[in-house]
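Asks: Handing you this structure, nothing more for now.
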Amino acid sequence: MIKKLSSIFAFALLTFGVFGQTIVSTNPENKKVILEEFTGIHCVFCPQGHAIAQAIQDANPGNAFLVNIHVGSFAVPGSGEPDFRTPWGSAIANQSGLVGYPAGTVNRHNFPGFEQGASGTTAMSRNVWANAAGQTLAASSNVNVGVEADIDVSTNELTVHVEAYYTANSPQGTNLLNVALLQNNTLGPQTGGNMGNDYVHMHRLVHMVTGQWGMTIPTTTSGTFVDETFTYTIPADYNGVPVELADLEVVAFVSETQQEIPSGSGAFPTYSGFTFANDAYARYVVDIDGQCGFDLTPSVNVQNVGNDEITSLEIDYSINGGTVETYNWTGSIMSLQNLDIELPAISYTLDPTLNTLDVSIQNDDNAANNDVSGTFENAAVSTPNVSMILNTSNQGAQITWDLTNSAGTTIASGGPYANNTTVTDDFVLPNECYRFSVYNANGNGGGSIVLYDDVNTVLYQNSGDYDDGDYGHFSTEGLVGIGENSLDGVGLFPNPASTVLNIMNAENANIEVYNMLGQVLYTKTNISNQEQIQVSSYTQGTYFVKITDGNAVKTSKFLVTK
């Protein structure tokens with residue numbers, strides 16, 4: 001809900017110091033640039049447009065403001081992709097006359113000879129934006145604009161205070177005051193960005209606080225002073241994309257009718273309403289790939305939800321209830337900022353089904369948000385016979401890879417390669433835990449890769465979206481019984497099995513059989529000396545058997561083949 005405060009109320013806010021004194025100049029000024037860029041996550045050349053626009057702003061700090069509008073067919077998300085579109089973008093794009101992406105308008109002004117489409121339209125291709133911006137900055141404006149904003153973090157209420165002063169008469173009787181809310185630093189996919197799903201989307205339009213075309217300014221003659229304050233409750237997300245309060249930005253501008261923009265301004269909000277001075281929020285454990293025995297170097301995302309800067313943290317962490325490690329972190333996290341904090345490597349014992357990392361922040365003002373847990377699965381389990389298929393695409397000269405064991409010894413390696421070729425390799429591996437790593441020297445990924453064993457268990461795969469590097473783990477450990485018939489005296493055969501699995505020498509014990517997802521497929525208590533399990537209906541792959549005899553627990557893996 002949007003609420004506009006009366007000028008009397010606005011003056012009261014100013015008096016009590018929520019905002020400062022007059023924030024707009026009454027002296028004649030040149031125009032400031034409002035560059036609206038029409039973009040989309042599937043637009044190949046849009047990252048070039050983003051860079052050009054950012055360069056214009058960087059060269060003109062305080063005088064150039066960017067609004068990135070995700071709109072059109074290139075902005076339509078695929079399955080599982082974020083939707084950055086808004087209800088406002090189509091109308092703004094349609095009046096520009098754009099015919100391709102990326103397109104941009106500078107102050108919604110027509111620059112003859114720069115039109116992307118028909119004569120008289122305002123959309124331009126990226127190669128002329130800098131020229132149009134330079135012309136705009138050199139021209140005088142009939143109105144100056146100032147803006148400031150605050151967000152109450154306890155209520156998510158945004159308060160925007162805008163002032164405008166007319167130093168000359170407007171050529172149009174109808175002027176509109178617009179307030180756009182933007183979000184920065186949103187990670188997401190971007191075709192052509194060479195960053196996969198980790199492209200950093202900036203200046204992304206999420207809302208028009210004043211509606212599609214803004215609020216009417218009643219008087220537009222020289223000497224008119226406009227003083228308006230708006231409040232708006234920020235939701236938790238837009239189209240399912242979470243809002244980060246620390247990444248929001250406000251751009252305000254005046255338009256003549258819905259078109260020409262004589263000037264505008266922008267601001268980053270201040271923040272108020274904090275409950276605690278020192279409050280570190282353990283938000284989540286950063287995703288952990290399947291593991292098989294390497295010491296783990298986990299990361300936890302921590303947000304500062306207190307008023308004061310965080311410069312140090314004491315962080316306790318453990319895996320599967322094991323030994324608690326303590327990390328004393330130092331650095332800087334400002335209010336509402338968040339940071340992935342990498343914790344030192346920790347040793348642990350794998351759980352046969354699912355592993356849990358527990359993290360706890362110590363000694364701040366609010367203990368209610370200090371604890372977080374994350375789970376991770378065991379790595380895929382392989383037979384000793386492993387194969388690799390690598391397609392180099394057009395990045396062969398930049399691609400290398402290596403295969404290491406838990407001691408850090410390189411078992412095999414390869415690359416660089418020729419472009420657009422298929423590389424195959426085969427390995428025979430002893431029982432161990434392995435890490436397969438792939439690298440790209442240019443940091444932009446490469447061709448597809450797959451590792452699999454001789455019963456077609458996929459151990460690692462990547463479509464080529466690995467930026468400068470990626471890795472995964474797999475294991476041949478635990479396949480006790482392949483060529484053997486015992487597990488600490490307990491018989492487990494045949495292994496691999498196709499129809500039945502026999503368990504011997506487990507008298508009076510309890511047994512459970514799990515699949516790789518940790519789902520229990522079979523259980524029996526107090527078994528006799530021999531138990532025969534029908535596995536003919538199981539799909540081909542790896543399974544766990546857990547044998548509990550009093551306080552002793554024995555776990556192993558077996559294969560089902562067809």
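Residues in the structure tokens are numbered from 1 in each chain, the chains being A, B, ... in the order shown, and ligands are numbered from 1 in the order shown.
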List as a PyMOL selection string the protein and nucleic acid residues near range 324-335 of chain A, meaning an atom at most 9 Å away when only C-alpha atoms are counted, but skip any in the same chain fewer than 2 places from it.
Replies: chain A and resi 246+271+302-319+321-322+337-339+341+343-344+346
Asks: Can you pull out every residue within 8 Å of Tyr101 in chain A, counting only C-alpha atoms, but drop anything in the same chain fewer than 2 positions away, and send it as an mmCIF file with N, CA and C atoms, in the first residue's frame?
Replies:
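Contents of around-v6.cif, freshly written:
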```
data_model
loop_
_atom_site.group_PDB
_atom_site.id
_atom_site.type_symbol
_atom_site.label_atom_id
_atom_site.label_comp_id
_atom_site.auth_asym_id
_atom_site.auth_seq_id
_atom_site.Cartn_x
_atom_site.Cartn_y
_atom_site.Cartn_z
ATOM 1 N N PHE A 38 16.224 -1.303 -21.398
ATOM 2 C CA PHE A 38 15.318 -2.427 -21.568
ATOM 3 C C PHE A 38 16.157 -3.678 -21.830
ATOM 4 N N THR A 39 16.005 -4.665 -20.948
ATOM 5 C CA THR A 39 16.955 -5.766 -20.902
ATOM 6 C C THR A 39 16.226 -7.072 -20.592
ATOM 7 N N CYS A 43 19.074 -12.181 -23.121
ATOM 8 C CA CYS A 43 19.574 -11.262 -24.153
ATOM 9 C C CYS A 43 21.103 -11.337 -24.191
ATOM 10 N N PHE A 45 23.454 -9.677 -25.837
ATOM 11 C CA PHE A 45 24.255 -8.449 -25.824
ATOM 12 C C PHE A 45 23.867 -7.494 -24.696
ATOM 13 N N CYS A 46 22.919 -7.896 -23.867
ATOM 14 C CA CYS A 46 22.518 -7.011 -22.769
ATOM 15 C C CYS A 46 23.649 -6.751 -21.765
ATOM 16 N N LEU A 98 11.119 0.792 -29.243
ATOM 17 C CA LEU A 98 12.281 -0.090 -29.405
ATOM 18 C C LEU A 98 11.978 -1.193 -30.416
ATOM 19 N N VAL A 99 13.031 -1.663 -31.090
ATOM 20 C CA VAL A 99 12.894 -2.767 -32.051
ATOM 21 C C VAL A 99 13.886 -3.889 -31.768
ATOM 22 N N ALA A 103 17.919 -2.051 -25.533
ATOM 23 C CA ALA A 103 17.582 -0.698 -25.984
ATOM 24 C C ALA A 103 17.593 0.205 -24.760
ATOM 25 N N SER A 125 20.034 2.208 -29.607
ATOM 26 C CA SER A 125 20.955 1.101 -29.379
ATOM 27 C C SER A 125 22.104 1.559 -28.498
#
```
Asks: Could you pull the residues within 6 Å of Ala164 in chain A, counting only C-alpha atoms, minus those fewer than 6 positions along the same chain, as a short mmCIF file (atom, residue, chain, number, x, y, z; two decimals) with C-alpha atoms, in the first residue's frame?
Replies:
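Result written to out.cif:
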```
data_model
loop_
_atom_site.label_atom_id
_atom_site.label_comp_id
_atom_site.auth_asym_id
_atom_site.auth_seq_id
_atom_site.Cartn_x
_atom_site.Cartn_y
_atom_site.Cartn_z
CA ASN A 144 15.74 20.50 -10.16
CA VAL A 145 14.96 17.31 -8.23
CA PHE A 225 8.45 24.35 -4.95
CA VAL A 226 7.22 20.75 -4.75
#
```
Asks: To one decimal in Å, tell me the separation between CA of Gly78 in chain A and CA of Pro102 in chain A.
Replies: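 Atom-to-atom, CA of Gly78 in chain A and CA of Pro102 in chain A are spaced 19.2 Å apart.
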Asks: Neighbours of Gly72 in chain A within 8 Å (only C-alpha atoms; same-chain residues fewer than 4 positions away dropped), as a PDB file with N, CA and C atoms, in the first residue's frame?
Replies:
```
ATOM      1  N   THR A  39      16.005  -4.665 -20.948  1.00  0.00           N
ATOM      2  CA  THR A  39      16.955  -5.766 -20.902  1.00  0.00           C
ATOM      3  C   THR A  39      16.226  -7.072 -20.592  1.00  0.00           C
ATOM      4  N   GLY A  40      16.968  -8.176 -20.557  1.00  0.00           N
ATOM      5  CA  GLY A  40      16.390  -9.475 -20.231  1.00  0.00           C
ATOM      6  C   GLY A  40      17.474 -10.497 -19.980  1.00  0.00           C
ATOM      7  N   VAL A  76      11.545 -13.385 -20.378  1.00  0.00           N
ATOM      8  CA  VAL A  76      10.668 -14.471 -19.936  1.00  0.00           C
ATOM      9  C   VAL A  76      11.531 -15.576 -19.314  1.00  0.00           C
ATOM     10  N   SER A  90       6.265  -3.038 -19.462  1.00  0.00           N
ATOM     11  CA  SER A  90       5.759  -3.121 -20.840  1.00  0.00           C
ATOM     12  C   SER A  90       5.295  -1.770 -21.353  1.00  0.00           C
TER      13      SER A  90
END
```
Asks: Could you give me, as a list in words, the residues within 7 Å of Gly446 in chain A, counting only C-alpha atoms and dropping anything in the same chain fewer than 3 positions from it?
Replies: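 Close residues of Gly446 in chain A: Thr392, Ser393, Gln395, Asn440, Gly464 and Asp465 of chain A.
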Asks: Write out as a ChimeraX atom specification which residues come within 10 Å of Glu81 in chain A when counting only C-alpha atoms, dropping same-chain ones fewer than 6 positions away.
Replies: /A:41,188-189,197,241
